[in-house]
Structure formats: C-alpha cells, structure tokens
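Novice: Here it is: the structure, laid out below.
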Amino acid sequence: MPRKRPGALRAAEQRTPGWLSEPGRIHRLTLATSAAIRRVERESDLYEIFPGVTAEALGRCCSFFRLPGRTLYPGLADCPCRGCSLDDVTHARDVLGDVLAALAPRPQAELGRRIARIDAQLLRRTLPDPFAPRHPWRREAWWREAWWRMRLYDGVVDPPRRLR
C-alpha cells in the first residue's frame, strides 16, 4: 500500500489564518483586498469598526442610492448602536473612510476607487446644506474634510456631532 510523502502530510497540516479563511469576499473587490479589509476590521480599536462592517456600509450606501427620486436626503439612524447607525449613509461613509485610512496602499487604492464612486453619487444626488457654515462645530478641520456631512438631511435642522 503506497504511503503519502512527508511533504504532502505537512502541506495538509498547514492552516490558513483566520482572517483569510473567513467565507466570501466583499462585492466588487478582489479576494486580497477583502482579506486585508477583514484583517483591519479584526485588529481595529475603533468602536465603529467591527468584523463585516465594510461590506455592510457598502451595502447600505448602495441601497441608499437605489431609493427612487432624483434628489435624496440622508436620514438619521433610529438607533445609536454601531450596527444600526449605518442606516445613516453619512455615518456609513465615515466608517468607510476610517477603514480606508487603516489599509495598506494597494487595498487602499482599490477600496478608494469604490468609495470615489459612492462620493460622486452622494455629491450628485444630495443637496448641500446652505446653513452648514454657520454652525460653529462644523468649522472644525475634520468636518471640512467630511463634506458629505454638510448635506441636507431629511427633516433634521442640525445633524448630531460625530464623536472622534
């Protein structure tokens, strides 16, 4: 009876890391980028970033753009927990930005292209808030970088401040 070679036995024993062996990949991203994102989600210390948040945030943004109408108004989330807060498309965009900042250059470029398409649709399909510059807390540097926060919200005079 033939035996297996020692190299074949060792190859069968090697296991892939947990972040790489998780099922699936993020829609429209390569497997390597999806694995890098999963690694960032597992190792992040930020409260908003948890395993699976990137795919969920991308899905929430895409479902927001599937809403009928030419002009869309972001709405606040009903629940402030980290999973339900993704109902607010601007918070989902904040989370995607946080994940993007933690990635290596190559996965960052690929996810950045996907986020750039989301930004283009947000800019095209939402309206700017004309009263945004009057709010003193919106003059902070990190708010000026987050232009998507200065859009007109649905029925909200002043959206809540994002905690840093």
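Letters A, B, ... go to the chains of the structure tokens in the order shown; residues in each chain start at 1; ligands are counted from 1 in the same order.
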Would you kindly return, as a ChimeraX atom specification, each protein, DNA or RNA residue with an atom no farther than 10 Å from any atom of Thr90 in chain A, considering only C-alpha atoms and excluding same-chain residues fewer than 5 positions away?
Specialist: /A:57,61,74-76,85,95-96,122,146-151,153
Novice: Do you know which residues are at most 10 Å from Ala77 in chain A counting only C-alpha atoms, after dropping those on the same chain fewer than 5 positions away, and could you put them as a PyMOL selection string?
Specialist: chain A and resi 83-89+91
Novice: Let's have the selection written as a compact mmCIF listing (two decimals), in the first residue's frame, with all heavy atoms.
Specialist:
# COMPACT_ATOMS: atom_id res chain seq x y z
N GLY A 83 -24.18 49.03 14.82
CA GLY A 83 -24.73 48.36 13.65
C GLY A 83 -25.86 49.14 13.01
O GLY A 83 -25.92 49.31 11.79
N CYS A 84 -26.76 49.65 13.83
CA CYS A 84 -27.92 50.40 13.32
C CYS A 84 -27.53 51.79 12.84
O CYS A 84 -28.23 52.38 12.02
CB CYS A 84 -29.00 50.52 14.38
SG CYS A 84 -29.70 48.95 14.88
N SER A 85 -26.45 52.35 13.36
CA SER A 85 -26.06 53.70 12.95
C SER A 85 -25.64 53.75 11.48
O SER A 85 -25.55 54.83 10.91
CB SER A 85 -24.94 54.21 13.84
OG SER A 85 -23.79 53.42 13.69
N LEU A 86 -25.41 52.60 10.86
CA LEU A 86 -25.07 52.57 9.44
C LEU A 86 -26.27 52.91 8.56
O LEU A 86 -26.12 53.07 7.35
CB LEU A 86 -24.50 51.21 9.06
CG LEU A 86 -23.15 50.86 9.69
CD1 LEU A 86 -22.77 49.43 9.34
CD2 LEU A 86 -22.08 51.82 9.25
N ASP A 87 -27.47 53.00 9.16
CA ASP A 87 -28.64 53.43 8.39
C ASP A 87 -28.46 54.86 7.88
O ASP A 87 -29.03 55.23 6.87
CB ASP A 87 -29.91 53.36 9.25
CG ASP A 87 -30.31 51.92 9.52
OD1 ASP A 87 -29.87 51.03 8.77
OD2 ASP A 87 -31.07 51.70 10.48
N ASP A 88 -27.68 55.66 8.59
CA ASP A 88 -27.33 57.00 8.14
C ASP A 88 -26.18 56.85 7.15
O ASP A 88 -25.08 56.42 7.50
CB ASP A 88 -26.92 57.86 9.34
CG ASP A 88 -26.51 59.26 8.96
OD1 ASP A 88 -26.65 59.63 7.77
OD2 ASP A 88 -26.06 60.00 9.85
N VAL A 89 -26.42 57.20 5.89
CA VAL A 89 -25.42 56.98 4.85
C VAL A 89 -24.16 57.80 5.10
O VAL A 89 -23.06 57.38 4.74
CB VAL A 89 -26.03 57.26 3.45
CG1 VAL A 89 -26.27 58.73 3.22
CG2 VAL A 89 -25.16 56.70 2.36
N HIS A 91 -22.86 58.39 8.06
CA HIS A 91 -22.08 57.64 9.05
C HIS A 91 -21.42 56.43 8.38
O HIS A 91 -20.27 56.09 8.69
CB HIS A 91 -22.95 57.18 10.22
CG HIS A 91 -22.20 56.40 11.24
ND1 HIS A 91 -21.27 56.97 12.08
CD2 HIS A 91 -22.18 55.06 11.51
CE1 HIS A 91 -20.74 56.03 12.84
NE2 HIS A 91 -21.27 54.87 12.52
Novice: Give me the residues near Val53 in chain A as a list in words, where near means some atom within 12 Å (using only C-alpha atoms) and where sequence neighbours in that chain fewer than 6 positions away do not count.
Specialist: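 Selected residues are Ile26, Ser34, Ile37, Arg38, Arg39, Val40, Glu41, Arg42, Ser44, Leu46, Tyr47, Gly59, Arg60, Arg82, Gly83, Cys84, Ser85, Leu86, His91, Ala92, Arg93, Asp94, Val95, Leu96, Gly97, Asp98 and Val99 of chain A.
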Novice: Determine which residues of range 78-118 of chain A DSSP labels as helix (DSSP H, G or I) from the backbone of this structure, then write them out as a PyMOL selection string.
Specialist: chain A and resi 84-87+89-102+105-118
Novice: Restricted to N, CA and C atoms, what would the selected residues look like written as an mmCIF file, in the first residue's frame?
Specialist:
data_model
loop_
_atom_site.group_PDB
_atom_site.id
_atom_site.type_symbol
_atom_site.label_atom_id
_atom_site.label_comp_id
_atom_site.auth_asym_id
_atom_site.auth_seq_id
_atom_site.Cartn_x
_atom_site.Cartn_y
_atom_site.Cartn_z
ATOM 1 N N CYS A 84 -26.763 49.649 13.831
ATOM 2 C CA CYS A 84 -27.917 50.404 13.318
ATOM 3 C C CYS A 84 -27.528 51.793 12.842
ATOM 4 N N SER A 85 -26.447 52.348 13.355
ATOM 5 C CA SER A 85 -26.057 53.696 12.952
ATOM 6 C C SER A 85 -25.636 53.748 11.484
ATOM 7 N N LEU A 86 -25.406 52.597 10.862
ATOM 8 C CA LEU A 86 -25.069 52.572 9.441
ATOM 9 C C LEU A 86 -26.271 52.906 8.563
ATOM 10 N N ASP A 87 -27.472 53.002 9.158
ATOM 11 C CA ASP A 87 -28.638 53.434 8.391
ATOM 12 C C ASP A 87 -28.455 54.857 7.880
ATOM 13 N N VAL A 89 -26.419 57.200 5.895
ATOM 14 C CA VAL A 89 -25.423 56.983 4.848
ATOM 15 C C VAL A 89 -24.163 57.804 5.098
ATOM 16 N N THR A 90 -24.281 58.946 5.767
ATOM 17 C CA THR A 90 -23.087 59.734 6.047
ATOM 18 C C THR A 90 -22.225 59.064 7.118
ATOM 19 N N HIS A 91 -22.859 58.389 8.062
ATOM 20 C CA HIS A 91 -22.076 57.636 9.052
ATOM 21 C C HIS A 91 -21.419 56.425 8.383
ATOM 22 N N ALA A 92 -22.132 55.779 7.467
ATOM 23 C CA ALA A 92 -21.537 54.660 6.730
ATOM 24 C C ALA A 92 -20.319 55.145 5.944
ATOM 25 N N ARG A 93 -20.410 56.350 5.387
ATOM 26 C CA ARG A 93 -19.270 56.915 4.662
ATOM 27 C C ARG A 93 -18.110 57.227 5.611
ATOM 28 N N ASP A 94 -18.417 57.676 6.828
ATOM 29 C CA ASP A 94 -17.372 57.906 7.833
ATOM 30 C C ASP A 94 -16.643 56.605 8.170
ATOM 31 N N VAL A 95 -17.398 55.538 8.335
ATOM 32 C CA VAL A 95 -16.803 54.238 8.669
ATOM 33 C C VAL A 95 -15.921 53.753 7.524
ATOM 34 N N LEU A 96 -16.389 53.923 6.284
ATOM 35 C CA LEU A 96 -15.577 53.527 5.138
ATOM 36 C C LEU A 96 -14.278 54.331 5.088
ATOM 37 N N GLY A 97 -14.343 55.601 5.444
ATOM 38 C CA GLY A 97 -13.138 56.421 5.491
ATOM 39 C C GLY A 97 -12.164 55.950 6.560
ATOM 40 N N ASP A 98 -12.697 55.526 7.710
ATOM 41 C CA ASP A 98 -11.832 55.012 8.774
ATOM 42 C C ASP A 98 -11.147 53.713 8.368
ATOM 43 N N VAL A 99 -11.886 52.831 7.704
ATOM 44 C CA VAL A 99 -11.302 51.572 7.221
ATOM 45 C C VAL A 99 -10.266 51.867 6.147
ATOM 46 N N LEU A 100 -10.584 52.804 5.261
ATOM 47 C CA LEU A 100 -9.671 53.166 4.177
ATOM 48 C C LEU A 100 -8.345 53.689 4.719
ATOM 49 N N ALA A 101 -8.405 54.480 5.771
ATOM 50 C CA ALA A 101 -7.186 55.051 6.343
ATOM 51 C C ALA A 101 -6.291 53.992 6.982
ATOM 52 N N ALA A 102 -6.858 52.869 7.399
ATOM 53 C CA ALA A 102 -6.078 51.836 8.083
ATOM 54 C C ALA A 102 -5.503 50.783 7.135
ATOM 55 N N PRO A 105 -1.338 50.358 1.098
ATOM 56 C CA PRO A 105 -1.553 51.146 -0.124
ATOM 57 C C PRO A 105 -2.334 50.460 -1.248
ATOM 58 N N ARG A 106 -2.037 49.213 -1.546
ATOM 59 C CA ARG A 106 -2.722 48.572 -2.678
ATOM 60 C C ARG A 106 -4.203 48.320 -2.392
ATOM 61 N N PRO A 107 -4.577 47.714 -1.258
ATOM 62 C CA PRO A 107 -6.004 47.577 -0.959
ATOM 63 C C PRO A 107 -6.687 48.933 -0.760
ATOM 64 N N GLN A 108 -5.912 49.899 -0.256
ATOM 65 C CA GLN A 108 -6.461 51.239 -0.058
ATOM 66 C C GLN A 108 -6.849 51.858 -1.403
ATOM 67 N N ALA A 109 -6.033 51.645 -2.415
ATOM 68 C CA ALA A 109 -6.340 52.188 -3.738
ATOM 69 C C ALA A 109 -7.599 51.546 -4.319
ATOM 70 N N GLU A 110 -7.731 50.232 -4.153
ATOM 71 C CA GLU A 110 -8.907 49.547 -4.703
ATOM 72 C C GLU A 110 -10.193 49.953 -3.989
ATOM 73 N N LEU A 111 -10.166 49.982 -2.665
ATOM 74 C CA LEU A 111 -11.342 50.422 -1.919
ATOM 75 C C LEU A 111 -11.590 51.909 -2.158
ATOM 76 N N GLY A 112 -10.540 52.676 -2.327
ATOM 77 C CA GLY A 112 -10.677 54.105 -2.603
ATOM 78 C C GLY A 112 -11.409 54.371 -3.906
ATOM 79 N N ARG A 113 -11.168 53.555 -4.921
ATOM 80 C CA ARG A 113 -11.901 53.714 -6.183
ATOM 81 C C ARG A 113 -13.387 53.445 -5.988
ATOM 82 N N ARG A 114 -13.699 52.458 -5.172
ATOM 83 C CA ARG A 114 -15.112 52.145 -4.894
ATOM 84 C C ARG A 114 -15.770 53.273 -4.098
ATOM 85 N N ILE A 115 -15.047 53.831 -3.126
ATOM 86 C CA ILE A 115 -15.579 54.929 -2.328
ATOM 87 C C ILE A 115 -15.706 56.190 -3.175
ATOM 88 N N ALA A 116 -14.814 56.383 -4.140
ATOM 89 C CA ALA A 116 -14.897 57.553 -5.022
ATOM 90 C C ALA A 116 -16.197 57.523 -5.829
ATOM 91 N N ARG A 117 -16.634 56.338 -6.252
ATOM 92 C CA ARG A 117 -17.925 56.233 -6.959
ATOM 93 C C ARG A 117 -19.089 56.560 -6.030
ATOM 94 N N ILE A 118 -18.985 56.130 -4.779
ATOM 95 C CA ILE A 118 -20.024 56.461 -3.800
ATOM 96 C C ILE A 118 -20.053 57.975 -3.559
#
Novice: What is the CA of Leu31 in chain A-CA of Gly7 in chain A distance in Å, reported with one decimal?
Specialist: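 For CA of Leu31 in chain A relative to CA of Gly7 in chain A, the distance reads 27.1 Å.
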Novice: What does the distance from CA of Thr126 in chain A to CA of Cys81 in chain A come to in Å, to one decimal?
Specialist: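 That distance, rounded to one decimal, is 24.9 Å.
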Novice: Hey, can you check how far CA of Arg125 in chain A sits from CA of Arg70 in chain A?
Specialist: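 Computed distance, CA of Arg125 in chain A to CA of Arg70 in chain A, equals 6.3 Å.
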Novice: Find, counting only C-alpha atoms, the residue in A:Leu72, A:Cys79, A:Ala55, A:Ala104 that gets nearest to Leu127 in chain A.
Specialist: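 Of the candidates, the smallest distance to Leu127 in chain A is held by A:Leu72.
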Novice: Considering only C-alpha atoms, can you say which of A:Glu43, A:Cys62, A:Ala32, A:Thr71 comes closest to Pro128 in chain A?
Specialist: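 The closest residue to Pro128 in chain A is A:Thr71.
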